[in-house]
Amino acid sequence: MAGDRDVNPLMVVAAQAGDRRALDHLVTAYLPLVYTIVRRALGDRAEVDDVVQETMLRALRELRALRAPESFRPWLATIATRQISTHLHRRQADAQRTVPLDEVTDLYDADPESRALTNVELSGHRRQAVHASQWLDPDDQQLLALWWLETTGQLTRTELAAALGTSVAHAAVRVQRMRHQLDLSRSLVVALEAHPRCGRLTAAVEDWDGVPSPLWRKRILRHVRSCPLCTRAAASGRTIRYPFR
């Protein structure tokens, strides 16, 4: 995605002035970046297209207000992360409402055929990492999406910090905390996916609806820390390697 770095600030200025060709060029150059940010945060979900569209429409509406054309890239990333945050918080609120059990997607107790298809699609580190990321808080999920781009050279740490609206030093602290939470979530996923699974853990999640949430993350991690069997399973599970694609 190196091509979008070649966009001249003058192109942004022209787009702000209403030049249709310049505007089309910006959209074409930066749409892949927005898709990458959103897809990393939301996964392969139907909502990705909607959030990308909301991001681009908002960017077009607010383009004239951008005072530093050379900052277009982190500015656009900031808009994308805010739209992701809004979407994730809305989804989390919806998940906390009571829903019929037959509408719940359980990643860990799905029927064998569905699980086999999932494992073919998302194998090894990627599958484990995707499952772990779903246990992160919304703010950490959007930070993870930006950090993935940084680890693959598509964003600099300065651009990541700008997208978060914070200093480079504070961004480093946030990334470190997010990675710690991701590692904790990995241990949770390993324990849930262990075969055979710990009997005490199975009993502990008997009332769980299969939807990752802060409450169940806390409960499951409390069990994992206190259970020698689950602790060994988490320790023996593969460590997440970065980046995972």
# chains A, B, ... in the order shown; residues from 1 in each chain; ligands from 1
$ residues_around --residues "Ser185 in chain A" --least-positions-apart "3" --cutoff "9 Å" --atoms "only C-alpha atoms" --output "JSON, numbers by chain"
{"A": [129, 131, 132, 133, 134, 135, 136, 180, 181, 182, 188, 189, 190, 217, 221]}
$ residues_around --residues "Thr202 in chain A" --least-positions-apart "2" --cutoff "12 Å" --atoms "only C-alpha atoms" --output "list in words"
Tyr108, Asp109, Ala191, Leu192, Glu193, Ala194, His195, Pro196, Arg197, Cys198, Gly199, Arg200, Ala204, Val205, Glu206, Asp207, Trp208, Ile220, His223, Val224 and Cys230 of chain A
$ residues_around --residues "Leu57 in chain A" --least-positions-apart "4" --cutoff "12 Å" --atoms "only C-alpha atoms" --output "ChimeraX atom specification"
/A:27,31,34,50-53,61-63,76,79-80,83
$ atom_distance --atom1 "CA of Arg157 in chain A" --atom2 "CA of His25 in chain A"
25.5 Å
$ atom_distance --atom1 "CA of Asp139 in chain A" --atom2 "CA of Asp183 in chain A"
16.1 Å
